[in-house]
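Visitor: Below: one structure in structure tokens.
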Amino acid sequence: MQRLLDAAAARPMRVLCVDGDASTAAWLDVALIDAESERVQVEHAATIREALGWLSEAAFDVAILTLAGTEGAELEMLHALQEHTPELALVVLSPVPNIQLAIRAIRMGAQDAIVRGQIEHGVALSRALRFAIERQHVRTALHTKTLVDELTGLYNRRGFISLARQQIKTAERLSRDVVHVFLDVDGMKEINDTFGHREGDLALIESADILRATFRESDVLARMGGDEFAVLALETSPLAAEALVDRLRRHVADRNSRGHRPYALSFSVGSTRHAAGTPCLLDELLARADGLMYEQKRRRFSTPGIVAGVPHRAESTAGGDDS
């Protein structure tokens, strides 16, 4: 444990301060920079909307939320931060002692509750934040074990549904479109039957690697089961789904051109975009994208030249439909 803490202390700490009070923000800046010197990067958000915008664009180790106004509203902000970025360590800061509020915040997922007047110097604040980050790492690791597919390292179905629902709520708050992509690896049965199940596992692992290379770190990637994968992304452009599928097609073609496998990888893809400002149900998105994917697969395999579900190398690209 000490080695983990030492390693954490050696790297820069990214802190997001959520506080509408300029004086508190200035105090945090001075305290953290004084304690951490060049090893801390602090950003400020005056509103929850601004904070979620920061979290959508950059990675932070810990968020400090000042509790100074209406209790219900502030705990709702805490919930919104946790829902948007579950792995983020959360610390609440109060100008005066409030044990009941601190306990409620910790029960909701905050890693620590700090009273500003009880922090004697920046070193104590810095240490509290780093301990909160490590506690959150342990909690996240335990939770992740139930949400991750062991073979590919992507989320499993349970993980996808849990995180996708959070992404959809975030999209609604930020007025962002939602793009859902559903993929099926073509010819998995033939790969297993011809080359063995070990090779089939390698095909699934490489498929997951292609998805990681294609999509952003902030997108939710999952193996839904068997040879089926899903992606949920937040976008602003109506052309986002088409652009994502085109990028996937290029990555698949690049992998297949290397010739390191006795077969070509190919995906059938269904993608759908849900416009901001209208109710969005995850089950509906899944059903629409799944239907488009199977329709694309049906058209693909009714085309002459594709044998036993495994395309020839010249045809080994990812296809896609967009609605």
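By order in the structure tokens, chains are A, B, ...; within a chain, residues start at 1; ligands start at 1, following the order shown.
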Please list as a ChimeraX atom specification every residue within 12 Å of Glu150 in chain A, counting only C-alpha atoms and excluding residues in the same chain fewer than 6 positions away.

Guide: /A:144,156,201,204-205,208,222-223,225

Visitor: Output the selection as a PDB file, in the first residue's frame - C-alpha atoms for each residue.

Guide:
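Writing done, so here's part15.pdb:
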```pdb
ATOM      1  CA  THR A 144     -15.000  -3.103 -12.019  1.00  0.00           C
ATOM      2  CA  ASN A 156     -19.636  -6.735 -20.207  1.00  0.00           C
ATOM      3  CA  ASP A 201     -10.738 -15.999 -28.678  1.00  0.00           C
ATOM      4  CA  LEU A 204     -12.465 -11.444 -30.245  1.00  0.00           C
ATOM      5  CA  ILE A 205      -9.470  -9.922 -28.445  1.00  0.00           C
ATOM      6  CA  ALA A 208     -11.762  -5.349 -28.960  1.00  0.00           C
ATOM      7  CA  ALA A 222     -18.574  -3.435 -24.375  1.00  0.00           C
ATOM      8  CA  ARG A 223     -18.657  -7.061 -25.407  1.00  0.00           C
ATOM      9  CA  GLY A 225     -21.834 -11.576 -25.269  1.00  0.00           C
TER      10      GLY A 225
END
```

Visitor: Based on the backbone DSSP call, show me all residues of range 103-319 of chain A assigned strand (DSSP E or B), as a PyMOL selection string.

Guide: chain A and resi 112-115+148+155+177-185+220-225+228-235+267-274+307+310

Visitor: Would you return as a PyMOL selection string the members of range 19-242 of chain A that DSSP assigns to helix (DSSP H, G or I) on this structure's backbone?

Guide: chain A and resi 22-39+48-57+71-84+99-107+116-118+122-144+157-174+188-195+197-214+240-242

Visitor: Can you pull out every residue within 9 Å of His137 in chain A, counting only C-alpha atoms, but drop anything in the same chain fewer than 6 positions away, and send it as a ChimeraX atom specification?

Guide: /A:87-89

Visitor: Would you export the selected residues with C-alpha atoms as a compact mmCIF listing (two decimals), in the first residue's frame, please?

Guide:
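Once everything was written out, this is selection_19.txt:
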```txt
# COMPACT_ATOMS: atom_id res chain seq x y z
CA GLU A 87 -14.17 6.42 -11.06
CA LEU A 88 -13.61 10.05 -9.97
CA ALA A 89 -12.65 10.58 -6.31
```

Visitor: Against range 42-62 of chain A, which residues of range 105-179 of chain A fall within 12 Å? For each one I want the closest pair of atoms and the distance in Å (one decimal), counting only C-alpha atoms, rows by chain and increasing residue number, as a Markdown table.

Guide:
```
| residue | atom | partner | partner_atom | distance |
| --- | --- | --- | --- | --- |
| A:Ala110 | CA | A:Val62 | CA | 10.3 |
| A:Gln111 | CA | A:Val62 | CA | 9.7 |
| A:Asp112 | CA | A:Val62 | CA | 10.9 |
| A:Ser126 | CA | A:Val62 | CA | 10.9 |
| A:Ala128 | CA | A:Val62 | CA | 10.8 |
| A:Leu129 | CA | A:Val62 | CA | 7.1 |
| A:Arg130 | CA | A:Val62 | CA | 8.4 |
| A:Phe131 | CA | A:Val62 | CA | 10.4 |
| A:Ala132 | CA | A:Val62 | CA | 7.9 |
| A:Ile133 | CA | A:Val62 | CA | 6.4 |
| A:Glu134 | CA | A:Asp61 | CA | 9.6 |
| A:Arg135 | CA | A:Val62 | CA | 11.2 |
| A:Gln136 | CA | A:Val62 | CA | 9.2 |
| A:His137 | CA | A:Asp61 | CA | 9.7 |
| A:Gln167 | CA | A:Ser56 | CA | 10.0 |
| A:Lys169 | CA | A:Leu52 | CA | 11.2 |
| A:Thr170 | CA | A:Leu52 | CA | 7.8 |
| A:Ala171 | CA | A:Leu52 | CA | 10.0 |
| A:Glu172 | CA | A:Arg49 | CA | 11.0 |
| A:Arg173 | CA | A:Arg49 | CA | 7.3 |
| A:Leu174 | CA | A:Arg49 | CA | 7.1 |
| A:Ser175 | CA | A:Arg49 | CA | 10.5 |
| A:Arg176 | CA | A:Gly53 | CA | 10.9 |
```

Visitor: Write out as a tab-separated table the residues of range 120-164 of chain A that have any atom within 8 Å of an atom of range 28-32 of chain A, one row each with the nearest atom pair and its distance in Å to one decimal, counting only C-alpha atoms, sorted by chain and then rising number.

Guide:
```
residue	atom	partner	partner_atom	distance
A:His121	CA	A:Ala31	CA	6.7
A:Gly122	CA	A:Ala31	CA	4.2
A:Val123	CA	A:Leu32	CA	7.6
A:Leu125	CA	A:Leu32	CA	7.2
A:Ser126	CA	A:Leu32	CA	6.3
```

Visitor: Pull N, CA, C and O atoms from the residues just selected and write them as a PDB file, in the first residue's frame.

Guide:
```
ATOM      1  N   HIS A 121      -2.849  23.815   6.696  1.00  0.00           N
ATOM      2  CA  HIS A 121      -1.951  24.194   5.609  1.00  0.00           C
ATOM      3  C   HIS A 121      -2.242  23.321   4.391  1.00  0.00           C
ATOM      4  O   HIS A 121      -2.964  22.320   4.457  1.00  0.00           O
ATOM      5  N   GLY A 122      -1.660  23.735   3.266  1.00  0.00           N
ATOM      6  CA  GLY A 122      -1.931  23.045   2.019  1.00  0.00           C
ATOM      7  C   GLY A 122      -1.471  21.604   1.989  1.00  0.00           C
ATOM      8  O   GLY A 122      -2.055  20.770   1.285  1.00  0.00           O
ATOM      9  N   VAL A 123      -0.434  21.277   2.758  1.00  0.00           N
ATOM     10  CA  VAL A 123       0.069  19.902   2.776  1.00  0.00           C
ATOM     11  C   VAL A 123      -1.007  18.948   3.298  1.00  0.00           C
ATOM     12  O   VAL A 123      -1.195  17.852   2.780  1.00  0.00           O
ATOM     13  N   LEU A 125      -4.258  19.380   3.113  1.00  0.00           N
ATOM     14  CA  LEU A 125      -5.276  19.267   2.075  1.00  0.00           C
ATOM     15  C   LEU A 125      -4.809  18.329   0.972  1.00  0.00           C
ATOM     16  O   LEU A 125      -5.550  17.454   0.523  1.00  0.00           O
ATOM     17  N   SER A 126      -3.567  18.497   0.546  1.00  0.00           N
ATOM     18  CA  SER A 126      -3.025  17.650  -0.506  1.00  0.00           C
ATOM     19  C   SER A 126      -3.021  16.181  -0.094  1.00  0.00           C
ATOM     20  O   SER A 126      -3.397  15.295  -0.869  1.00  0.00           O
TER      21      SER A 126
END
```

Visitor: Which distance in Å separates CA of Leu248 in chain A and CA of Ile191 in chain A, to one decimal?

Guide: 20.9 Å
